[in-house]
>>> print(open('start.txt').read())   # compact mmCIF, C-alpha atoms
# COMPACT_ATOMS: atom_id res chain seq x y z
CA MET A 1 -41.64 -60.95 32.09
CA GLU A 2 -37.93 -61.02 32.51
CA MET A 3 -36.50 -57.73 31.50
CA ASN A 4 -32.83 -58.15 32.03
CA PHE A 5 -30.97 -54.93 31.44
CA LYS A 6 -27.63 -56.60 31.94
CA LYS A 7 -28.20 -58.75 28.88
CA LEU A 8 -29.13 -55.70 26.84
CA CYS A 9 -26.30 -53.58 28.14
CA GLY A 10 -24.00 -54.40 25.24
CA ASP A 11 -24.04 -52.21 22.16
CA ALA A 12 -27.66 -51.24 22.64
CA ALA A 13 -26.92 -49.46 25.92
CA ARG A 14 -24.38 -47.20 24.22
CA LEU A 15 -26.74 -46.25 21.41
CA VAL A 16 -28.53 -43.13 22.62
CA LEU A 17 -32.02 -42.70 21.20
CA ALA A 18 -32.21 -40.01 18.52
CA ASN A 19 -35.74 -39.08 19.55
CA PRO A 20 -36.11 -39.31 23.34
CA PHE A 21 -39.45 -37.47 23.13
CA GLU A 22 -41.18 -40.59 21.83
CA TYR A 23 -39.73 -42.67 24.68
CA ARG A 24 -40.91 -40.16 27.28
CA GLN A 25 -44.37 -40.18 25.76
CA LEU A 26 -44.51 -43.96 25.92
CA ILE A 27 -43.38 -44.10 29.56
CA GLY A 28 -45.93 -41.42 30.44
CA ALA A 29 -48.66 -43.56 28.93
CA LEU A 30 -47.39 -46.67 30.73
CA MET A 31 -47.36 -44.79 34.05
CA PHE A 32 -51.03 -44.05 33.57
CA LEU A 33 -51.66 -47.72 32.89
CA ALA A 34 -49.69 -48.84 35.94
CA ASN A 35 -52.51 -47.39 38.08
CA THR A 36 -54.61 -50.43 37.28
CA ARG A 37 -51.88 -52.96 36.48
CA PRO A 38 -49.52 -53.52 39.43
CA ASP A 39 -47.65 -56.22 37.49
CA ILE A 40 -45.97 -53.66 35.20
CA TYR A 41 -45.41 -51.14 37.99
CA PHE A 42 -41.83 -52.12 38.68
CA GLU A 43 -40.81 -52.17 35.03
CA VAL A 44 -42.34 -48.74 34.43
CA ASN A 45 -40.61 -47.49 37.57
CA THR A 46 -37.25 -48.74 36.34
CA LEU A 47 -37.72 -47.41 32.81
CA SER A 48 -38.78 -43.99 34.06
CA GLN A 49 -35.36 -43.56 35.66
CA TYR A 50 -33.88 -43.12 32.17
CA MET A 51 -36.05 -40.23 30.97
CA ILE A 52 -33.25 -37.73 30.35
CA LYS A 53 -31.04 -39.82 28.09
CA PRO A 54 -32.70 -43.10 27.14
CA SER A 55 -30.63 -45.58 25.17
CA HIS A 56 -31.68 -48.21 22.70
CA ALA A 57 -31.70 -50.85 25.48
CA GLN A 58 -34.45 -49.01 27.35
CA TRP A 59 -36.43 -48.60 24.15
CA ILE A 60 -36.30 -52.37 23.56
CA ALA A 61 -37.36 -52.99 27.17
CA ALA A 62 -40.27 -50.53 26.83
CA LYS A 63 -41.43 -52.35 23.71
CA HIS A 64 -41.14 -55.61 25.66
CA VAL A 65 -43.62 -54.20 28.19
CA LEU A 66 -46.00 -53.31 25.37
CA ARG A 67 -45.78 -56.84 23.99
CA TYR A 68 -46.44 -58.26 27.45
CA LEU A 69 -49.50 -56.02 27.78
CA HIS A 70 -50.74 -57.16 24.39
CA GLY A 71 -50.49 -60.77 25.52
CA THR A 72 -52.23 -60.19 28.85
CA ILE A 73 -54.83 -57.66 27.82
CA ASN A 74 -57.64 -59.50 29.63
CA LEU A 75 -56.14 -59.28 33.11
CA ARG A 76 -58.24 -57.42 35.68
CA LEU A 77 -57.87 -56.78 39.37
CA ARG A 78 -60.23 -58.72 41.62
CA ASP A 79 -63.15 -56.95 43.30
CA ILE A 80 -63.59 -56.71 47.04
CA VAL A 81 -65.42 -59.83 48.17
CA GLY A 82 -66.29 -60.90 51.71
CA ASP A 83 -64.23 -59.88 54.71
CA VAL A 84 -63.02 -56.27 54.56
CA ARG A 85 -59.76 -56.13 56.45
CA LEU A 86 -56.82 -53.98 55.62
CA HIS A 87 -53.59 -55.88 55.17
CA GLY A 88 -50.28 -54.41 54.18
CA LYS A 89 -47.08 -55.89 52.91
CA SER A 90 -43.77 -54.14 52.69
CA GLU A 91 -40.62 -55.34 51.04
CA LEU A 92 -37.28 -54.13 49.81
CA ASP A 93 -34.65 -54.90 47.26
CA TRP A 94 -31.25 -54.47 48.82
CA VAL A 95 -29.07 -52.34 46.50
CA GLY A 96 -30.94 -53.24 43.35
CA LYS A 97 -28.73 -51.14 41.12
CA SER A 98 -25.03 -51.28 41.76
CA SER A 99 -24.48 -47.90 40.07
CA ASP A 100 -25.84 -45.76 42.90
CA ARG A 101 -26.02 -48.20 45.84
CA LYS A 102 -29.62 -47.31 46.60
CA SER A 103 -32.27 -49.79 47.58
CA THR A 104 -35.80 -50.08 46.26
CA TYR A 105 -38.71 -50.48 48.62
CA GLY A 106 -42.30 -51.26 47.92
CA CYS A 107 -45.56 -51.91 49.71
CA CYS A 108 -49.06 -52.89 48.85
CA PHE A 109 -52.34 -52.86 50.72
CA SER A 110 -55.26 -55.15 50.24
CA LEU A 111 -58.82 -54.73 51.46
CA GLY A 112 -60.16 -58.23 51.87
CA SER A 113 -59.31 -60.07 48.68
CA ALA A 114 -58.72 -57.00 46.52
CA MET A 115 -55.54 -55.04 46.08
CA VAL A 116 -56.30 -51.36 46.62
CA SER A 117 -53.00 -49.54 46.86
CA TRP A 118 -49.41 -50.20 45.88
CA MET A 119 -46.21 -48.31 45.41
CA SER A 120 -42.54 -48.91 44.79
CA ARG A 121 -39.79 -46.33 45.07
CA LYS A 122 -36.06 -45.99 45.11
CA GLN A 123 -34.79 -44.89 48.50
CA LYS A 124 -33.24 -41.46 48.70
CA PHE A 125 -30.20 -42.50 50.69
CA ALA A 126 -27.62 -45.24 50.56
CA ALA A 127 -28.63 -47.46 53.48
CA LEU A 128 -26.11 -49.12 55.74
CA SER A 129 -28.00 -52.24 56.68
CA MET A 130 -30.81 -54.45 55.50
CA ALA A 131 -32.73 -53.81 58.73
CA GLU A 132 -32.53 -50.06 58.15
CA VAL A 133 -34.04 -50.38 54.68
CA GLU A 134 -36.80 -52.66 55.98
CA TYR A 135 -37.48 -50.30 58.87
CA VAL A 136 -37.74 -47.32 56.55
CA ALA A 137 -39.89 -49.33 54.14
CA THR A 138 -42.42 -50.20 56.86
CA SER A 139 -42.35 -46.61 58.04
CA MET A 140 -43.12 -45.30 54.57
CA ALA A 141 -45.80 -47.95 54.16
CA SER A 142 -47.58 -46.78 57.31
CA CYS A 143 -47.52 -43.06 56.39
CA MET B 1 -68.48 -51.25 52.83
CA PHE B 2 -68.23 -47.91 54.66
CA LYS B 3 -70.06 -49.29 57.70
CA HIS B 4 -66.98 -51.28 58.59
CA VAL B 5 -64.55 -49.87 61.11
CA LEU B 6 -60.98 -50.62 60.20
CA ASN B 7 -59.09 -52.31 62.99
CA THR B 8 -55.38 -52.56 63.42
CA THR B 9 -53.63 -52.85 60.09
CA LEU B 10 -51.34 -55.81 59.73
CA ILE B 11 -48.16 -55.13 57.82
CA TYR B 12 -46.12 -58.14 56.79
CA CYS B 13 -42.40 -57.81 56.30
CA ASP B 14 -39.72 -60.43 55.94
CA ASN B 15 -36.94 -58.93 58.03
CA LYS B 16 -37.06 -59.89 61.71
CA ARG B 17 -34.50 -57.29 62.70
CA GLY B 18 -36.63 -54.54 61.16
CA ILE B 19 -39.65 -55.75 63.15
CA GLN B 20 -37.66 -55.83 66.38
CA LEU B 21 -36.49 -52.26 65.79
CA ALA B 22 -40.06 -51.09 65.34
CA LYS B 23 -41.29 -52.87 68.49
CA ASN B 24 -38.53 -51.79 70.82
CA LEU B 25 -39.13 -48.48 72.61
CA VAL B 26 -35.51 -48.01 73.55
CA PHE B 27 -33.53 -46.44 70.75
CA HIS B 28 -30.39 -48.44 71.03
CA ASP B 29 -27.04 -47.56 69.54
CA LYS B 30 -27.61 -49.67 66.48
CA SER B 31 -30.41 -47.43 65.20
CA LYS B 32 -28.80 -44.04 65.84
CA HIS B 33 -27.98 -43.50 62.20
CA ILE B 34 -31.59 -43.81 61.06
CA GLU B 35 -33.22 -40.43 60.58
CA ILE B 36 -35.88 -39.44 63.11
CA LYS B 37 -38.66 -39.13 60.54
CA TYR B 38 -38.35 -42.83 59.78
CA HIS B 39 -39.11 -43.72 63.41
CA TYR B 40 -42.73 -42.88 62.59
CA ILE B 41 -43.45 -46.62 62.42
CA LEU B 42 -42.48 -46.94 66.09
CA ASP B 43 -45.19 -44.41 67.00
CA MET B 44 -47.72 -46.25 64.89
CA VAL B 45 -46.93 -49.62 66.46
CA HIS B 46 -47.21 -48.22 69.97
CA ARG B 47 -50.42 -46.39 69.18
CA GLY B 48 -51.81 -49.70 67.99
CA ALA B 49 -52.62 -48.52 64.48
CA VAL B 50 -50.19 -50.93 62.89
CA ARG B 51 -49.05 -54.40 63.80
CA LEU B 52 -45.98 -55.93 62.22
CA HIS B 53 -45.85 -59.58 61.32
CA HIS B 54 -43.11 -61.72 59.95
CA ILE B 55 -43.63 -63.46 56.62
CA VAL B 56 -41.46 -65.95 54.78
CA THR B 57 -39.59 -64.31 51.90
CA ASN B 58 -41.02 -66.73 49.34
CA ASP B 59 -44.60 -65.72 50.25
CA GLN B 60 -43.87 -62.02 50.04
CA ILE B 61 -45.83 -60.86 46.98
CA VAL B 62 -44.38 -57.33 47.05
CA HIS B 63 -41.31 -58.82 45.37
CA ILE B 64 -43.21 -58.16 42.16
CA LEU B 65 -42.94 -54.42 42.85
CA THR B 66 -39.28 -54.31 43.83
CA LYS B 67 -37.23 -56.69 41.74
CA HIS B 68 -36.96 -58.63 38.51
CA LEU B 69 -38.32 -62.14 38.95
CA SER B 70 -38.19 -65.40 37.08
CA LYS B 71 -41.24 -66.19 35.00
CA GLY B 72 -42.61 -68.85 37.39
CA LYS B 73 -42.48 -66.61 40.44
CA PHE B 74 -43.82 -63.66 38.51
CA LEU B 75 -46.91 -65.60 37.46
CA VAL B 76 -47.53 -66.88 41.00
CA PHE B 77 -47.23 -63.42 42.56
CA ARG B 78 -49.33 -61.86 39.83
CA GLU B 79 -52.09 -64.32 40.60
CA GLN B 80 -51.81 -63.53 44.31
CA LEU B 81 -51.97 -59.80 43.61
CA GLY B 82 -55.45 -60.44 42.30
CA LEU B 83 -54.84 -59.99 38.60
CA THR B 84 -56.93 -62.60 36.86
CA ASP B 85 -57.96 -63.18 33.29
CA VAL B 86 -61.62 -62.25 32.94
CA THR B 87 -62.11 -64.38 29.86
CA LEU B 88 -60.98 -67.61 31.57
CA PRO B 89 -63.10 -69.60 34.05
CA ARG B 90 -62.30 -69.05 37.73
CA GLY B 91 -59.25 -70.79 39.12
CA SER B 92 -57.26 -71.18 35.93
CA SER B 93 -54.36 -68.84 35.22
CA HIS B 94 -53.08 -67.48 31.96
CA GLY B 95 -49.35 -67.20 31.18
>>> encode(input="start.txt", output="structure tokens")
Amino acid sequence: MEMNFKKLCGDAARLVLANPFEYRQLIGALMFLANTRPDIYFEVNTLSQYMIKPSHAQWIAAKHVLRYLHGTINLRLRDIVGDVRLHGKSELDWVGKSSDRKSTYGCCFSLGSAMVSWMSRKQKFAALSMAEVEYVATSMASC
Amino acid sequence: MFKHVLNTTLIYCDNKRGIQLAKNLVFHDKSKHIEIKYHYILDMVHRGAVRLHHIVTNDQIVHILTKHLSKGKFLVFREQLGLTDVTLPRGSSHG
């Protein structure tokens, strides 16, 4: 699912939605769904950053997510099988959005073969180096 | 499942400098600007609760949670996350 905002940021980005309530409702529902579908987690995370004044571009992107879900409705997370060992992975996106210069970090934990926990968040500060972001990301992952 | 005792947790990250920072006890000048609360990982590593490992960027599945990916990579990482189509036989992926 390639949801490229830059492509959509033409006229659609300037068109503010007349009824943002509907958009907020939809994102709320998607957030609930992201608890069992880590693949849409990042998209929902990005879309939820536009709750106050969503534009037409975000509405199109949200509908894109719905279409993706419709196409992949049979996907399920694997169960825990065999060896139960906790493994974590942490990762960052260095200055994902150029508008506020903040990085995104994420981590996920698996117990054996099954994914049990995941999260992705925008950092609260503008980091000075890649190592700093990675350091903070691992720190947040271990909390 | 609850009989198992969890050993040291391995955390994979793809930045060697970040790993070095977390392993080194001496706070050197280069990490002065990082807030103290984020040095929590240092404690964890020295207590032995967490071990940091390096992983090649291309194998890092958390990319799926932090950035927009091309379709090919997205499908590979999604498979690795453990999301599989229940209606298909084992081993085959659905796009």
>>> closest_atom_pairs(input="start.txt", of="chain B", to="chain A", cutoff="8 Å", atoms="all atoms listed in the file", output="JSON lines")
{"residue": "B:Met1", "atom": "CA", "partner": "A:Val84", "partner_atom": "CA", "distance": 7.6}
{"residue": "B:His4", "atom": "CA", "partner": "A:Val84", "partner_atom": "CA", "distance": 7.5}
{"residue": "B:Leu6", "atom": "CA", "partner": "A:Arg85", "partner_atom": "CA", "distance": 6.8}
{"residue": "B:Asn7", "atom": "CA", "partner": "A:Arg85", "partner_atom": "CA", "distance": 7.6}
{"residue": "B:Thr9", "atom": "CA", "partner": "A:Leu86", "partner_atom": "CA", "distance": 5.6}
{"residue": "B:Leu10", "atom": "CA", "partner": "A:His87", "partner_atom": "CA", "distance": 5.1}
{"residue": "B:Ile11", "atom": "CA", "partner": "A:Gly88", "partner_atom": "CA", "distance": 4.3}
{"residue": "B:Tyr12", "atom": "CA", "partner": "A:Lys89", "partner_atom": "CA", "distance": 4.6}
{"residue": "B:Cys13", "atom": "CA", "partner": "A:Ser90", "partner_atom": "CA", "distance": 5.3}
{"residue": "B:Asp14", "atom": "CA", "partner": "A:Glu91", "partner_atom": "CA", "distance": 7.1}
{"residue": "B:Asn15", "atom": "CA", "partner": "A:Glu134", "partner_atom": "CA", "distance": 6.6}
{"residue": "B:Arg17", "atom": "CA", "partner": "A:Ala131", "partner_atom": "CA", "distance": 5.6}
{"residue": "B:Gly18", "atom": "CA", "partner": "A:Ala131", "partner_atom": "CA", "distance": 4.7}
{"residue": "B:Ile19", "atom": "CA", "partner": "A:Tyr135", "partner_atom": "CA", "distance": 7.3}
{"residue": "B:Leu21", "atom": "CA", "partner": "A:Tyr135", "partner_atom": "CA", "distance": 7.3}
{"residue": "B:Ala22", "atom": "CA", "partner": "A:Tyr135", "partner_atom": "CA", "distance": 7.0}
{"residue": "B:Ser31", "atom": "CA", "partner": "A:Glu132", "partner_atom": "CA", "distance": 7.8}
{"residue": "B:Ile34", "atom": "CA", "partner": "A:Glu132", "partner_atom": "CA", "distance": 7.0}
{"residue": "B:Tyr38", "atom": "CA", "partner": "A:Val136", "partner_atom": "CA", "distance": 5.6}
{"residue": "B:His39", "atom": "CA", "partner": "A:Ser139", "partner_atom": "CA", "distance": 6.9}
{"residue": "B:Tyr40", "atom": "CA", "partner": "A:Ser139", "partner_atom": "CA", "distance": 5.9}
{"residue": "B:Ile41", "atom": "CA", "partner": "A:Ser139", "partner_atom": "CA", "distance": 4.5}
{"residue": "B:Met44", "atom": "CA", "partner": "A:Ser142", "partner_atom": "CA", "distance": 7.6}
{"residue": "B:Val50", "atom": "CA", "partner": "A:Ser142", "partner_atom": "CA", "distance": 7.4}
{"residue": "B:Gln60", "atom": "CA", "partner": "A:Lys89", "partner_atom": "CA", "distance": 7.5}
{"residue": "B:Ile61", "atom": "CA", "partner": "A:Lys89", "partner_atom": "CA", "distance": 7.8}
{"residue": "B:Val62", "atom": "CA", "partner": "A:Glu91", "partner_atom": "CA", "distance": 5.8}
{"residue": "B:His63", "atom": "CA", "partner": "A:Glu91", "partner_atom": "CA", "distance": 6.7}
{"residue": "B:Ile64", "atom": "CA", "partner": "A:Asp39", "partner_atom": "CA", "distance": 6.7}
{"residue": "B:Leu65", "atom": "CA", "partner": "A:Phe42", "partner_atom": "CA", "distance": 4.9}
{"residue": "B:Thr66", "atom": "CA", "partner": "A:Asp93", "partner_atom": "CA", "distance": 5.8}
{"residue": "B:Lys67", "atom": "CA", "partner": "A:Asp93", "partner_atom": "CA", "distance": 6.4}
{"residue": "B:His68", "atom": "CA", "partner": "A:Glu2", "partner_atom": "CA", "distance": 6.5}
{"residue": "B:Leu69", "atom": "CA", "partner": "A:Glu2", "partner_atom": "CA", "distance": 6.5}
{"residue": "B:Ser70", "atom": "CA", "partner": "A:Glu2", "partner_atom": "CA", "distance": 6.3}
{"residue": "B:Lys71", "atom": "CA", "partner": "A:Met1", "partner_atom": "CA", "distance": 6.0}
{"residue": "B:Phe74", "atom": "CA", "partner": "A:Met1", "partner_atom": "CA", "distance": 7.3}
{"residue": "B:Arg78", "atom": "CA", "partner": "A:Asp39", "partner_atom": "CA", "distance": 6.3}
{"residue": "B:Leu81", "atom": "CA", "partner": "A:Met115", "partner_atom": "CA", "distance": 6.4}
{"residue": "B:Gly82", "atom": "CA", "partner": "A:Arg78", "partner_atom": "CA", "distance": 5.1}
{"residue": "B:Leu83", "atom": "CA", "partner": "A:Leu77", "partner_atom": "CA", "distance": 4.5}
{"residue": "B:Thr84", "atom": "CA", "partner": "A:Leu75", "partner_atom": "CA", "distance": 5.1}
{"residue": "B:Asp85", "atom": "CA", "partner": "A:Leu75", "partner_atom": "CA", "distance": 4.3}
{"residue": "B:Val86", "atom": "CA", "partner": "A:Asn74", "partner_atom": "CA", "distance": 5.9}
{"residue": "B:Thr87", "atom": "CA", "partner": "A:Asn74", "partner_atom": "CA", "distance": 6.6}
{"residue": "B:His94", "atom": "CA", "partner": "A:Thr72", "partner_atom": "CA", "distance": 8.0}
{"residue": "B:Gly95", "atom": "CA", "partner": "A:Thr72", "partner_atom": "CA", "distance": 7.9}
>>> write_last_selection(input="start.txt", atoms="C-alpha atoms", output="tab-separated table (two decimals), in the coordinates of the input")
chain	number	residue	atom	x	y	z
B	1	MET	CA	-68.48	-51.25	52.83
B	4	HIS	CA	-66.98	-51.28	58.59
B	6	LEU	CA	-60.98	-50.62	60.20
B	7	ASN	CA	-59.09	-52.31	62.99
B	9	THR	CA	-53.63	-52.85	60.09
B	10	LEU	CA	-51.34	-55.81	59.73
B	11	ILE	CA	-48.16	-55.13	57.82
B	12	TYR	CA	-46.12	-58.14	56.79
B	13	CYS	CA	-42.40	-57.81	56.30
B	14	ASP	CA	-39.72	-60.43	55.94
B	15	ASN	CA	-36.94	-58.93	58.03
B	17	ARG	CA	-34.50	-57.29	62.70
B	18	GLY	CA	-36.63	-54.54	61.16
B	19	ILE	CA	-39.65	-55.75	63.15
B	21	LEU	CA	-36.49	-52.26	65.79
B	22	ALA	CA	-40.06	-51.09	65.34
B	31	SER	CA	-30.41	-47.43	65.20
B	34	ILE	CA	-31.59	-43.81	61.06
B	38	TYR	CA	-38.35	-42.83	59.78
B	39	HIS	CA	-39.11	-43.72	63.41
B	40	TYR	CA	-42.73	-42.88	62.59
B	41	ILE	CA	-43.45	-46.62	62.42
B	44	MET	CA	-47.72	-46.25	64.89
B	50	VAL	CA	-50.19	-50.93	62.89
B	60	GLN	CA	-43.87	-62.02	50.04
B	61	ILE	CA	-45.83	-60.86	46.98
B	62	VAL	CA	-44.38	-57.33	47.05
B	63	HIS	CA	-41.31	-58.82	45.37
B	64	ILE	CA	-43.21	-58.16	42.16
B	65	LEU	CA	-42.94	-54.42	42.85
B	66	THR	CA	-39.28	-54.31	43.83
B	67	LYS	CA	-37.23	-56.69	41.74
B	68	HIS	CA	-36.96	-58.63	38.51
B	69	LEU	CA	-38.32	-62.14	38.95
B	70	SER	CA	-38.19	-65.40	37.08
B	71	LYS	CA	-41.24	-66.19	35.00
B	74	PHE	CA	-43.82	-63.66	38.51
B	78	ARG	CA	-49.33	-61.86	39.83
B	81	LEU	CA	-51.97	-59.80	43.61
B	82	GLY	CA	-55.45	-60.44	42.30
B	83	LEU	CA	-54.84	-59.99	38.60
B	84	THR	CA	-56.93	-62.60	36.86
B	85	ASP	CA	-57.96	-63.18	33.29
B	86	VAL	CA	-61.62	-62.25	32.94
B	87	THR	CA	-62.11	-64.38	29.86
B	94	HIS	CA	-53.08	-67.48	31.96
B	95	GLY	CA	-49.35	-67.20	31.18
>>> residues_around(input="start.txt", residues="Leu30 of chain A", least_positions_apart="2", cutoff="10 Å", atoms="only C-alpha atoms", output="VMD selection string")
chain A and resid 24 to 28 32 to 35 37 40 to 41 43 to 45 47 to 48 62 65 to 66
>>> atom_distance(input="start.txt", atom1="atom CA of His56 of chain A", atom2="atom CA of Val16 of chain A")
6.0 Å
>>> atom_distance(input="start.txt", atom1="atom CA of Val76 of chain B", atom2="atom CA of Gln58 of chain A")
26.0 Å
>>> build_atoms(input="start.txt", residues="segment 44-75 of chain A", atoms="N, CA and C atoms", output="short mmCIF file (atom, residue, chain, number, x, y, z; two decimals), in the coordinates of the input")
data_model
loop_
_atom_site.label_atom_id
_atom_site.label_comp_id
_atom_site.auth_asym_id
_atom_site.auth_seq_id
_atom_site.Cartn_x
_atom_site.Cartn_y
_atom_site.Cartn_z
N VAL A 44 -42.13 -50.14 34.79
CA VAL A 44 -42.34 -48.74 34.43
C VAL A 44 -41.49 -47.85 35.33
N ASN A 45 -41.43 -48.22 36.60
CA ASN A 45 -40.61 -47.49 37.57
C ASN A 45 -39.14 -47.48 37.15
N THR A 46 -38.65 -48.64 36.75
CA THR A 46 -37.25 -48.74 36.34
C THR A 46 -37.00 -47.94 35.07
N LEU A 47 -37.91 -48.09 34.10
CA LEU A 47 -37.72 -47.41 32.81
C LEU A 47 -37.80 -45.90 32.96
N SER A 48 -38.61 -45.44 33.92
CA SER A 48 -38.78 -43.99 34.06
C SER A 48 -37.55 -43.32 34.69
N GLN A 49 -36.59 -44.14 35.12
CA GLN A 49 -35.36 -43.56 35.66
C GLN A 49 -34.39 -43.17 34.56
N TYR A 50 -34.77 -43.43 33.30
CA TYR A 50 -33.88 -43.12 32.17
C TYR A 50 -34.49 -42.06 31.25
N MET A 51 -35.30 -41.17 31.81
CA MET A 51 -36.05 -40.23 30.97
C MET A 51 -35.15 -39.21 30.28
N ILE A 52 -34.07 -38.81 30.92
CA ILE A 52 -33.25 -37.73 30.35
C ILE A 52 -32.51 -38.20 29.10
N LYS A 53 -31.84 -39.36 29.22
CA LYS A 53 -31.04 -39.82 28.09
C LYS A 53 -31.28 -41.32 27.89
N PRO A 54 -32.42 -41.67 27.33
CA PRO A 54 -32.70 -43.10 27.14
C PRO A 54 -31.83 -43.69 26.02
N SER A 55 -31.41 -44.92 26.22
CA SER A 55 -30.63 -45.58 25.17
C SER A 55 -31.51 -46.60 24.45
N HIS A 56 -30.93 -47.24 23.49
CA HIS A 56 -31.68 -48.21 22.70
C HIS A 56 -32.15 -49.39 23.57
N ALA A 57 -31.34 -49.74 24.59
CA ALA A 57 -31.70 -50.85 25.48
C ALA A 57 -33.03 -50.59 26.19
N GLN A 58 -33.20 -49.36 26.66
CA GLN A 58 -34.45 -49.01 27.35
C GLN A 58 -35.64 -49.03 26.37
N TRP A 59 -35.37 -48.60 25.16
CA TRP A 59 -36.43 -48.60 24.15
C TRP A 59 -36.91 -50.03 23.88
N ILE A 60 -35.95 -50.96 23.78
CA ILE A 60 -36.30 -52.37 23.56
C ILE A 60 -37.11 -52.88 24.75
N ALA A 61 -36.67 -52.53 25.97
CA ALA A 61 -37.36 -52.99 27.17
C ALA A 61 -38.78 -52.43 27.23
N ALA A 62 -38.93 -51.15 26.82
CA ALA A 62 -40.27 -50.53 26.83
C ALA A 62 -41.19 -51.25 25.85
N LYS A 63 -40.62 -51.62 24.70
CA LYS A 63 -41.43 -52.35 23.71
C LYS A 63 -41.79 -53.74 24.22
N HIS A 64 -40.87 -54.31 25.02
CA HIS A 64 -41.14 -55.61 25.66
C HIS A 64 -42.38 -55.51 26.56
N VAL A 65 -42.46 -54.41 27.32
CA VAL A 65 -43.62 -54.20 28.19
C VAL A 65 -44.90 -54.13 27.36
N LEU A 66 -44.82 -53.43 26.23
CA LEU A 66 -46.00 -53.31 25.37
C LEU A 66 -46.44 -54.67 24.85
N ARG A 67 -45.45 -55.50 24.48
CA ARG A 67 -45.78 -56.84 23.99
C ARG A 67 -46.42 -57.68 25.08
N TYR A 68 -45.87 -57.54 26.30
CA TYR A 68 -46.44 -58.26 27.45
C TYR A 68 -47.89 -57.84 27.67
N LEU A 69 -48.14 -56.52 27.57
CA LEU A 69 -49.50 -56.02 27.78
C LEU A 69 -50.45 -56.55 26.70
N HIS A 70 -49.93 -56.64 25.49
CA HIS A 70 -50.74 -57.16 24.39
C HIS A 70 -51.14 -58.61 24.65
N GLY A 71 -50.21 -59.36 25.24
CA GLY A 71 -50.49 -60.77 25.52
C GLY A 71 -51.40 -60.97 26.72
N THR A 72 -51.44 -60.00 27.61
CA THR A 72 -52.23 -60.19 28.85
C THR A 72 -53.29 -59.11 28.98
N ILE A 73 -53.90 -58.80 27.86
CA ILE A 73 -54.83 -57.66 27.82
C ILE A 73 -56.10 -57.90 28.64
N ASN A 74 -56.39 -59.18 28.91
CA ASN A 74 -57.64 -59.50 29.63
C ASN A 74 -57.51 -59.52 31.15
N LEU A 75 -56.32 -59.22 31.66
CA LEU A 75 -56.14 -59.28 33.11
C LEU A 75 -56.85 -58.13 33.81
#
